[in-house]
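Q: The structure's right below; bear with me while I get my questions together.
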Amino acid sequence: MPTTTTTSPFWLGTSWKMTKTLAQAGDYADELRSAALAERVPPELRLFVLPATTTLAAVRERLGVVPQVFVGAQNAYPGPEGAVTGEVSMGMVRDAGARMVEIGHAERRTLLGETDELVAAKVAAAVSAGLIPLVCVGETAAERERGSTASVIAGQVHAALGGLGRLAPVELLVAYEPHWAIGAQGRAAAPDDVAEGLAAVRQVLDDELPDVHTGVLYGGSVDAGNAAGLAGGLAVEGLFVGRAAWTASGLLEIAHRCADAVRARSTTDQAIVRKDR
Ligand code: PEP
């Protein structure tokens, strides 16, 4: 029996990384707001946009109340407000309008030395602050070549949940983003590789957070050309996009491709259910 439900929204979001002035961020937010108000955002989708910290509050304000679009932060510090120069707390990004926070992106792990322990502390702090954590995990090319993809992913997800203790997240997302698939030098993972990665994530989430509403997303060189193929995978509960969604029109185009795939998938699910009866 297929486990996919047609009622869960399909997540589609973008991190703007270290891009956009206030003016550019505001224009993007305006375009997204107009699209949402004109019902040009497919209803099956929940969109999210993760601006840089400098534009987060402005984007939140310019978007206004658009229930289908979440705004989030790309990072925040796991401790309470205080003397930590250059950082912002989970509570501060929430105050600026974030509903979710990205944690443990490959660039932070490799360029800034973000460890599994720090990721775990951030996940716990995000949950305490009432934010939805979006945890990024993924193997390097060398780890894949060694055949350790599934164990690396499972280890990262397990570690990320390690600080939760008795904290019960309302919702938690994990994006499987193989390092070799991300960025200008990357190539999108094949659907079978995506399915393998997401299965490893799902297993740990189901074992360790059986009562929490969780979602597993794929990210890495997603664009309008491959979005439908990726979104059509039964285990794919969302897509996380970088460069191809740095314009609002790019995000909306991918949204429509995903919606078509998700609709086709629901039809297939229903056909399988009918056959099983
Ligand atoms: C990312 O870095 O998380 C990402 C998905 O980037 P891109 O889509 O540009 O590969």
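As shown in the structure tokens, the chain order sets the letters A, B, ...; within each chain, residues go from 1, and ligands are also counted from 1 in the order they appear.
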Using backbone DSSP assignments, extract all alpha helix (DSSP H) residues from range 50-277 of chain A; output them as a VMD selection string.
A: chain A and resid 56 to 63 90 to 95 106 to 111 116 to 128 141 to 145 149 to 160 191 to 208 227 to 231 248 to 276
Q: Within 9 Å of ligand 1, which residues of chain A come that close, and what is the closest atom pair and distance in Å for each? Count only C-alpha atoms and all ligand atoms and give it as JSON lines.
A:
{"residue": "A:Thr14", "atom": "CA", "partner": "ligand 1", "partner_atom_place_in_ligand_line": "5 (C)", "distance": 7.4}
{"residue": "A:Ser15", "atom": "CA", "partner": "ligand 1", "partner_atom_place_in_ligand_line": "3 (O)", "distance": 6.8}
{"residue": "A:Lys17", "atom": "CA", "partner": "ligand 1", "partner_atom_place_in_ligand_line": "2 (O)", "distance": 7.8}
{"residue": "A:His105", "atom": "CA", "partner": "ligand 1", "partner_atom_place_in_ligand_line": "3 (O)", "distance": 6.7}
{"residue": "A:Ala106", "atom": "CA", "partner": "ligand 1", "partner_atom_place_in_ligand_line": "2 (O)", "distance": 7.3}
{"residue": "A:Glu107", "atom": "CA", "partner": "ligand 1", "partner_atom_place_in_ligand_line": "2 (O)", "distance": 7.4}
{"residue": "A:Cys136", "atom": "CA", "partner": "ligand 1", "partner_atom_place_in_ligand_line": "3 (O)", "distance": 8.0}
{"residue": "A:Ala175", "atom": "CA", "partner": "ligand 1", "partner_atom_place_in_ligand_line": "3 (O)", "distance": 8.5}
{"residue": "A:Glu177", "atom": "CA", "partner": "ligand 1", "partner_atom_place_in_ligand_line": "3 (O)", "distance": 6.6}
{"residue": "A:His179", "atom": "CA", "partner": "ligand 1", "partner_atom_place_in_ligand_line": "2 (O)", "distance": 8.5}
{"residue": "A:Ala181", "atom": "CA", "partner": "ligand 1", "partner_atom_place_in_ligand_line": "10 (O)", "distance": 6.2}
{"residue": "A:Ile182", "atom": "CA", "partner": "ligand 1", "partner_atom_place_in_ligand_line": "10 (O)", "distance": 3.6}
{"residue": "A:Gly183", "atom": "CA", "partner": "ligand 1", "partner_atom_place_in_ligand_line": "10 (O)", "distance": 3.8}
{"residue": "A:Ala184", "atom": "CA", "partner": "ligand 1", "partner_atom_place_in_ligand_line": "9 (O)", "distance": 6.5}
{"residue": "A:Gln185", "atom": "CA", "partner": "ligand 1", "partner_atom_place_in_ligand_line": "10 (O)", "distance": 8.4}
{"residue": "A:Gly186", "atom": "CA", "partner": "ligand 1", "partner_atom_place_in_ligand_line": "10 (O)", "distance": 6.4}
{"residue": "A:Arg187", "atom": "CA", "partner": "ligand 1", "partner_atom_place_in_ligand_line": "10 (O)", "distance": 7.8}
{"residue": "A:Ala188", "atom": "CA", "partner": "ligand 1", "partner_atom_place_in_ligand_line": "10 (O)", "distance": 7.6}
{"residue": "A:Tyr218", "atom": "CA", "partner": "ligand 1", "partner_atom_place_in_ligand_line": "5 (C)", "distance": 8.1}
{"residue": "A:Gly219", "atom": "CA", "partner": "ligand 1", "partner_atom_place_in_ligand_line": "5 (C)", "distance": 4.4}
{"residue": "A:Gly220", "atom": "CA", "partner": "ligand 1", "partner_atom_place_in_ligand_line": "10 (O)", "distance": 4.0}
{"residue": "A:Ser221", "atom": "CA", "partner": "ligand 1", "partner_atom_place_in_ligand_line": "10 (O)", "distance": 3.5}
{"residue": "A:Val222", "atom": "CA", "partner": "ligand 1", "partner_atom_place_in_ligand_line": "8 (O)", "distance": 5.1}
{"residue": "A:Asp223", "atom": "CA", "partner": "ligand 1", "partner_atom_place_in_ligand_line": "8 (O)", "distance": 7.2}
{"residue": "A:Leu239", "atom": "CA", "partner": "ligand 1", "partner_atom_place_in_ligand_line": "5 (C)", "distance": 8.4}
{"residue": "A:Phe240", "atom": "CA", "partner": "ligand 1", "partner_atom_place_in_ligand_line": "5 (C)", "distance": 5.4}
{"residue": "A:Val241", "atom": "CA", "partner": "ligand 1", "partner_atom_place_in_ligand_line": "8 (O)", "distance": 4.2}
{"residue": "A:Gly242", "atom": "CA", "partner": "ligand 1", "partner_atom_place_in_ligand_line": "8 (O)", "distance": 3.4}
{"residue": "A:Arg243", "atom": "CA", "partner": "ligand 1", "partner_atom_place_in_ligand_line": "9 (O)", "distance": 4.0}
{"residue": "A:Ala244", "atom": "CA", "partner": "ligand 1", "partner_atom_place_in_ligand_line": "8 (O)", "distance": 6.2}
{"residue": "A:Ala245", "atom": "CA", "partner": "ligand 1", "partner_atom_place_in_ligand_line": "8 (O)", "distance": 7.9}
{"residue": "A:Trp246", "atom": "CA", "partner": "ligand 1", "partner_atom_place_in_ligand_line": "9 (O)", "distance": 8.9}
Q: Would you put the residues from that selection into a file with C-alpha atoms, as a tab-separated table (two decimals), in the first residue's frame?
A:
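Result saved to part39.tsv:
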chain	number	residue	atom	x	y	z
A	14	THR	CA	14.96	28.15	-1.98
A	15	SER	CA	17.88	29.52	-0.04
A	17	LYS	CA	22.49	32.09	0.16
A	105	HIS	CA	24.08	23.07	4.89
A	106	ALA	CA	27.04	21.45	3.12
A	107	GLU	CA	28.69	24.86	2.60
A	136	CYS	CA	20.63	19.42	5.48
A	175	ALA	CA	16.87	17.90	2.99
A	177	GLU	CA	21.66	17.25	-0.47
A	179	HIS	CA	27.69	17.51	-1.69
A	181	ALA	CA	25.12	17.64	-6.47
A	182	ILE	CA	25.19	21.18	-5.10
A	183	GLY	CA	26.23	24.39	-6.81
A	184	ALA	CA	27.71	25.39	-10.15
A	185	GLN	CA	30.07	22.37	-10.23
A	186	GLY	CA	27.35	19.95	-9.17
A	187	ARG	CA	25.09	17.62	-11.12
A	188	ALA	CA	21.63	16.65	-9.95
A	218	TYR	CA	15.88	16.53	-2.09
A	219	GLY	CA	18.24	19.37	-3.04
A	220	GLY	CA	21.14	19.77	-5.46
A	221	SER	CA	21.05	21.33	-8.95
A	222	VAL	CA	17.26	21.20	-9.18
A	223	ASP	CA	15.95	23.34	-12.04
A	239	LEU	CA	12.56	19.98	-3.28
A	240	PHE	CA	15.12	22.46	-2.01
A	241	VAL	CA	16.50	24.69	-4.73
A	242	GLY	CA	19.39	27.11	-4.90
A	243	ARG	CA	20.38	28.98	-8.04
A	244	ALA	CA	17.41	28.09	-10.22
A	245	ALA	CA	14.99	29.78	-7.82
A	246	TRP	CA	16.93	32.97	-7.19
Q: Taking the DSSP assignment computed from this structure's backbone, write out as a list in words all residues of range 91-255 of chain A that belong to strand (DSSP E or B).
A: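 Of range 91-255 of chain A, the ones in strand (DSSP E or B) are Met100, Val101, Glu102, Ile103, Ile132, Pro133, Leu134, Val135, Cys136, Val137, Glu171, Leu172, Leu173, Val174, Ala175, Tyr176, His213, Thr214, Gly215, Val216, Leu217, Tyr218, Gly219, Gly238, Leu239, Phe240 and Val241 of chain A.
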Q: Within 8 Å of range 248-272 of chain A, which residues of range 9-115 of chain A show up? Give each one with its shortest atom-to-atom distance in Å (one decimal) and the two atoms involved, counting only C-alpha atoms, rows by chain then rising residue number, as a tab-separated table.
A:
residue	atom	partner	partner_atom	distance
A:Phe10	CA	A:Val262	CA	7.7
A:Leu12	CA	A:Ala255	CA	7.0
A:Gly13	CA	A:Leu251	CA	7.8
A:Thr14	CA	A:Leu251	CA	7.8
A:Tyr28	CA	A:Ala248	CA	5.4
A:Ala29	CA	A:Ala248	CA	7.7
A:Glu31	CA	A:Ala248	CA	6.3
A:Leu32	CA	A:Ala248	CA	6.0
A:Val41	CA	A:Leu252	CA	7.0
A:Pro42	CA	A:Ala259	CA	6.3
A:Glu44	CA	A:Ala259	CA	6.4
A:Leu45	CA	A:Ala259	CA	6.9
Q: Please produce a file of those selected residues containing C-alpha atoms, as a PDB file, in the first residue's frame.
A:
ATOM      1  CA  PHE A  10       4.741  19.264  -1.185  1.00  0.00           C
ATOM      2  CA  LEU A  12       9.351  23.668  -2.450  1.00  0.00           C
ATOM      3  CA  GLY A  13      11.815  26.264  -1.309  1.00  0.00           C
ATOM      4  CA  THR A  14      14.958  28.153  -1.979  1.00  0.00           C
ATOM      5  CA  TYR A  28      11.237  39.094  -5.332  1.00  0.00           C
ATOM      6  CA  ALA A  29       8.832  39.210  -2.382  1.00  0.00           C
ATOM      7  CA  GLU A  31       6.414  39.156  -7.271  1.00  0.00           C
ATOM      8  CA  LEU A  32       5.760  36.130  -5.086  1.00  0.00           C
ATOM      9  CA  VAL A  41       0.918  29.233  -6.683  1.00  0.00           C
ATOM     10  CA  PRO A  42      -0.332  25.648  -7.046  1.00  0.00           C
ATOM     11  CA  GLU A  44      -0.552  21.356  -3.524  1.00  0.00           C
ATOM     12  CA  LEU A  45       2.639  23.199  -2.686  1.00  0.00           C
TER      13      LEU A  45
END
Q: Rounded to one decimal place, report the CA of Glu237 in chain A-CA of Ala38 in chain A distance in Å.
A: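 So the two atoms, CA of Glu237 in chain A and CA of Ala38 in chain A, lie 25.0 Å apart.
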Q: For CA of Val174 in chain A and CA of Gly229 in chain A, determine how far apart the two atoms are, in Å to one decimal place.
A: 19.9 Å
Q: Between A:Leu173, A:Leu234, A:Met18, A:Val157, which is the closest to Asp207 in chain A once you count only C-alpha atoms?
A: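 Selected residue with least distance to Asp207 in chain A: A:Val157.
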Q: Need the shell around Gly197 in chain A: protein/DNA/RNA residues with any atom at most 9 Å away, counting only C-alpha atoms. Skip same-chain ones fewer than 5 positions apart. Format as an MDAnalysis selection string?
A: chainID A and resid 138 149:150 153:154 176:178 192 202 218
Q: Could the residues in this selection be written to a file with all heavy atoms, as an mmCIF file, in the first residue's frame?
A:
data_model
loop_
_atom_site.group_PDB
_atom_site.id
_atom_site.type_symbol
_atom_site.label_atom_id
_atom_site.label_comp_id
_atom_site.auth_asym_id
_atom_site.auth_seq_id
_atom_site.Cartn_x
_atom_site.Cartn_y
_atom_site.Cartn_z
ATOM 1 N N GLY A 138 24.048 15.015 3.745
ATOM 2 C CA GLY A 138 24.458 14.483 2.442
ATOM 3 C C GLY A 138 25.899 14.038 2.463
ATOM 4 O O GLY A 138 26.708 14.551 3.230
ATOM 5 N N THR A 149 27.258 5.897 1.420
ATOM 6 C CA THR A 149 26.207 6.913 1.341
ATOM 7 C C THR A 149 25.140 6.750 2.434
ATOM 8 O O THR A 149 24.878 7.674 3.210
ATOM 9 C CB THR A 149 25.524 6.857 -0.058
ATOM 10 O OG1 THR A 149 26.515 7.158 -1.033
ATOM 11 C CG2 THR A 149 24.394 7.856 -0.174
ATOM 12 N N ALA A 150 24.520 5.587 2.484
ATOM 13 C CA ALA A 150 23.396 5.400 3.419
ATOM 14 C C ALA A 150 23.850 5.555 4.861
ATOM 15 O O ALA A 150 23.151 6.183 5.683
ATOM 16 C CB ALA A 150 22.761 4.028 3.196
ATOM 17 N N ILE A 153 24.527 9.297 5.691
ATOM 18 C CA ILE A 153 23.276 10.055 5.831
ATOM 19 C C ILE A 153 22.582 9.693 7.149
ATOM 20 O O ILE A 153 22.162 10.565 7.914
ATOM 21 C CB ILE A 153 22.335 9.750 4.641
ATOM 22 C CG1 ILE A 153 22.965 10.242 3.352
ATOM 23 C CG2 ILE A 153 20.976 10.408 4.848
ATOM 24 C CD1 ILE A 153 22.266 9.721 2.114
ATOM 25 N N ALA A 154 22.470 8.401 7.396
ATOM 26 C CA ALA A 154 21.796 7.969 8.634
ATOM 27 C C ALA A 154 22.526 8.540 9.842
ATOM 28 O O ALA A 154 21.892 9.016 10.805
ATOM 29 C CB ALA A 154 21.761 6.443 8.692
ATOM 30 N N TYR A 176 17.918 16.045 1.862
ATOM 31 C CA TYR A 176 19.062 15.243 1.420
ATOM 32 C C TYR A 176 19.718 15.999 0.272
ATOM 33 O O TYR A 176 19.121 16.161 -0.799
ATOM 34 C CB TYR A 176 18.592 13.853 0.976
ATOM 35 C CG TYR A 176 19.664 13.089 0.233
ATOM 36 C CD1 TYR A 176 20.933 12.933 0.777
ATOM 37 C CD2 TYR A 176 19.416 12.536 -1.014
ATOM 38 C CE1 TYR A 176 21.931 12.261 0.093
ATOM 39 C CE2 TYR A 176 20.405 11.847 -1.707
ATOM 40 C CZ TYR A 176 21.661 11.719 -1.148
ATOM 41 O OH TYR A 176 22.651 11.059 -1.829
ATOM 42 N N GLU A 177 20.928 16.471 0.525
ATOM 43 C CA GLU A 177 21.655 17.253 -0.473
ATOM 44 C C GLU A 177 23.077 16.705 -0.612
ATOM 45 O O GLU A 177 23.986 17.123 0.122
ATOM 46 C CB GLU A 177 21.731 18.719 -0.042
ATOM 47 C CG GLU A 177 20.379 19.376 0.137
ATOM 48 C CD GLU A 177 20.463 20.881 -0.091
ATOM 49 O OE1 GLU A 177 21.376 21.528 0.450
ATOM 50 O OE2 GLU A 177 19.635 21.388 -0.841
ATOM 51 N N PRO A 178 23.282 15.752 -1.518
ATOM 52 C CA PRO A 178 24.637 15.231 -1.690
ATOM 53 C C PRO A 178 25.589 16.367 -2.055
ATOM 54 O O PRO A 178 25.243 17.217 -2.893
ATOM 55 C CB PRO A 178 24.508 14.232 -2.844
ATOM 56 C CG PRO A 178 23.090 14.250 -3.301
ATOM 57 C CD PRO A 178 22.314 15.205 -2.483
ATOM 58 N N ASP A 192 17.139 7.388 -8.787
ATOM 59 C CA ASP A 192 17.443 6.224 -7.927
ATOM 60 C C ASP A 192 18.333 6.623 -6.758
ATOM 61 O O ASP A 192 18.185 6.120 -5.636
ATOM 62 C CB ASP A 192 18.166 5.140 -8.732
ATOM 63 C CG ASP A 192 17.196 4.353 -9.586
ATOM 64 O OD1 ASP A 192 15.978 4.596 -9.464
ATOM 65 O OD2 ASP A 192 17.663 3.497 -10.374
ATOM 66 N N ARG A 202 14.511 8.808 5.877
ATOM 67 C CA ARG A 202 13.168 8.441 6.356
ATOM 68 C C ARG A 202 13.235 7.375 7.446
ATOM 69 O O ARG A 202 12.520 7.427 8.447
ATOM 70 C CB ARG A 202 12.358 7.996 5.131
ATOM 71 C CG ARG A 202 10.978 7.498 5.315
ATOM 72 C CD ARG A 202 10.035 8.295 6.176
ATOM 73 N NE ARG A 202 9.645 9.612 5.723
ATOM 74 C CZ ARG A 202 9.283 10.599 6.582
ATOM 75 N NH1 ARG A 202 9.294 10.413 7.890
ATOM 76 N NH2 ARG A 202 8.929 11.768 6.142
ATOM 77 N N TYR A 218 14.610 16.670 -1.357
ATOM 78 C CA TYR A 218 15.878 16.529 -2.086
ATOM 79 C C TYR A 218 16.344 17.911 -2.538
ATOM 80 O O TYR A 218 15.530 18.743 -2.962
ATOM 81 C CB TYR A 218 15.730 15.629 -3.329
ATOM 82 C CG TYR A 218 16.939 15.777 -4.223
ATOM 83 C CD1 TYR A 218 18.144 15.168 -3.878
ATOM 84 C CD2 TYR A 218 16.914 16.600 -5.347
ATOM 85 C CE1 TYR A 218 19.289 15.367 -4.644
ATOM 86 C CE2 TYR A 218 18.049 16.802 -6.120
ATOM 87 C CZ TYR A 218 19.237 16.184 -5.756
ATOM 88 O OH TYR A 218 20.369 16.389 -6.502
#
Q: Can you pull out the residues contacting range 87-103 of chain A? Cut-off 10 Å, using only C-alpha atoms, and skip same-chain residues under 4 positions away; I want them as a VMD selection string.
A: chain A and resid 15 48 to 51 53 to 61 70 to 83 108 to 109 114 118 to 123 125 to 137 160 171 to 175
Q: For Ser151 in chain A, find every residue with an atom within 12 Å (counting only C-alpha atoms), except residues of its own chain fewer than 4 positions away, and show them as an mmCIF file with N, CA, C and O atoms, in the first residue's frame.
A:
data_model
loop_
_atom_site.group_PDB
_atom_site.id
_atom_site.type_symbol
_atom_site.label_atom_id
_atom_site.label_comp_id
_atom_site.auth_asym_id
_atom_site.auth_seq_id
_atom_site.Cartn_x
_atom_site.Cartn_y
_atom_site.Cartn_z
ATOM 1 N N VAL A 137 21.556 17.246 5.055
ATOM 2 C CA VAL A 137 22.515 16.141 5.201
ATOM 3 C C VAL A 137 22.926 15.685 3.815
ATOM 4 O O VAL A 137 22.212 15.936 2.840
ATOM 5 N N GLY A 138 24.048 15.015 3.745
ATOM 6 C CA GLY A 138 24.458 14.483 2.442
ATOM 7 C C GLY A 138 25.899 14.038 2.463
ATOM 8 O O GLY A 138 26.708 14.551 3.230
ATOM 9 N N GLU A 139 26.188 13.098 1.594
ATOM 10 C CA GLU A 139 27.527 12.533 1.542
ATOM 11 C C GLU A 139 28.407 13.280 0.531
ATOM 12 O O GLU A 139 27.899 13.916 -0.393
ATOM 13 N N GLU A 143 32.774 9.747 -0.152
ATOM 14 C CA GLU A 143 31.968 8.820 0.664
ATOM 15 C C GLU A 143 31.070 7.960 -0.224
ATOM 16 O O GLU A 143 30.874 6.772 0.024
ATOM 17 N N ARG A 144 30.529 8.569 -1.266
ATOM 18 C CA ARG A 144 29.690 7.792 -2.200
ATOM 19 C C ARG A 144 30.536 6.718 -2.883
ATOM 20 O O ARG A 144 30.118 5.565 -3.001
ATOM 21 N N ARG A 146 33.070 5.276 -1.803
ATOM 22 C CA ARG A 146 33.393 4.202 -0.834
ATOM 23 C C ARG A 146 32.182 3.331 -0.524
ATOM 24 O O ARG A 146 32.272 2.387 0.244
ATOM 25 N N GLY A 147 31.014 3.713 -1.019
ATOM 26 C CA GLY A 147 29.804 2.929 -0.752
ATOM 27 C C GLY A 147 29.192 3.226 0.601
ATOM 28 O O GLY A 147 28.399 2.434 1.116
ATOM 29 N N GLY A 155 23.850 8.529 9.791
ATOM 30 C CA GLY A 155 24.634 9.054 10.914
ATOM 31 C C GLY A 155 24.384 10.548 11.114
ATOM 32 O O GLY A 155 24.246 11.023 12.253
ATOM 33 N N GLN A 156 24.317 11.292 10.030
ATOM 34 C CA GLN A 156 24.091 12.742 10.147
ATOM 35 C C GLN A 156 22.681 13.048 10.690
ATOM 36 O O GLN A 156 22.511 13.953 11.502
ATOM 37 N N VAL A 157 21.697 12.301 10.217
ATOM 38 C CA VAL A 157 20.330 12.568 10.707
ATOM 39 C C VAL A 157 20.240 12.197 12.188
ATOM 40 O O VAL A 157 19.725 12.965 13.014
ATOM 41 N N HIS A 158 20.784 11.043 12.538
ATOM 42 C CA HIS A 158 20.773 10.601 13.937
ATOM 43 C C HIS A 158 21.472 11.643 14.823
ATOM 44 O O HIS A 158 20.959 12.033 15.873
ATOM 45 N N ALA A 159 22.621 12.110 14.361
ATOM 46 C CA ALA A 159 23.366 13.107 15.147
ATOM 47 C C ALA A 159 22.570 14.402 15.280
ATOM 48 O O ALA A 159 22.544 15.027 16.348
ATOM 49 N N GLU A 196 17.438 6.448 -2.773
ATOM 50 C CA GLU A 196 18.312 5.792 -1.785
ATOM 51 C C GLU A 196 18.596 6.737 -0.612
ATOM 52 O O GLU A 196 18.495 6.355 0.555
ATOM 53 N N GLY A 197 18.922 7.988 -0.947
ATOM 54 C CA GLY A 197 19.234 8.956 0.103
ATOM 55 C C GLY A 197 18.029 9.251 0.982
ATOM 56 O O GLY A 197 18.128 9.282 2.214
ATOM 57 N N ALA A 199 15.453 7.384 1.483
ATOM 58 C CA ALA A 199 15.077 6.212 2.287
ATOM 59 C C ALA A 199 15.922 6.149 3.553
ATOM 60 O O ALA A 199 15.415 5.814 4.644
ATOM 61 N N ALA A 200 17.203 6.495 3.427
ATOM 62 C CA ALA A 200 18.077 6.485 4.613
ATOM 63 C C ALA A 200 17.617 7.535 5.622
ATOM 64 O O ALA A 200 17.591 7.291 6.834
ATOM 65 N N VAL A 201 17.225 8.704 5.134
ATOM 66 C CA VAL A 201 16.723 9.757 6.027
ATOM 67 C C VAL A 201 15.420 9.303 6.684
ATOM 68 O O VAL A 201 15.242 9.390 7.906
ATOM 69 N N GLN A 203 14.145 6.422 7.238
ATOM 70 C CA GLN A 203 14.282 5.329 8.222
ATOM 71 C C GLN A 203 14.606 5.886 9.612
ATOM 72 O O GLN A 203 13.983 5.509 10.607
ATOM 73 N N VAL A 204 15.566 6.796 9.665
ATOM 74 C CA VAL A 204 15.957 7.346 10.980
ATOM 75 C C VAL A 204 14.815 8.186 11.554
ATOM 76 O O VAL A 204 14.495 8.089 12.752
#
Q: Just how far from CA of Arg33 in chain A is CA of Ala227 in chain A, in Å to one decimal?
A: 22.2 Å
Q: Counting only C-alpha atoms, which residue out of A:Thr19, A:Leu111, A:Glu117, A:Leu47 sits closest to Gln68 in chain A?
A: A:Leu47
Q: Determine the nearest neighbour of Pro67 in chain A from the options A:Ala36, A:Val216, A:Trp11, A:Ala231, counting only C-alpha atoms.
A: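 Checking each of A:Ala36, A:Val216, A:Trp11, A:Ala231 against Pro67 in chain A, counting only C-alpha atoms, the winner is A:Ala36.
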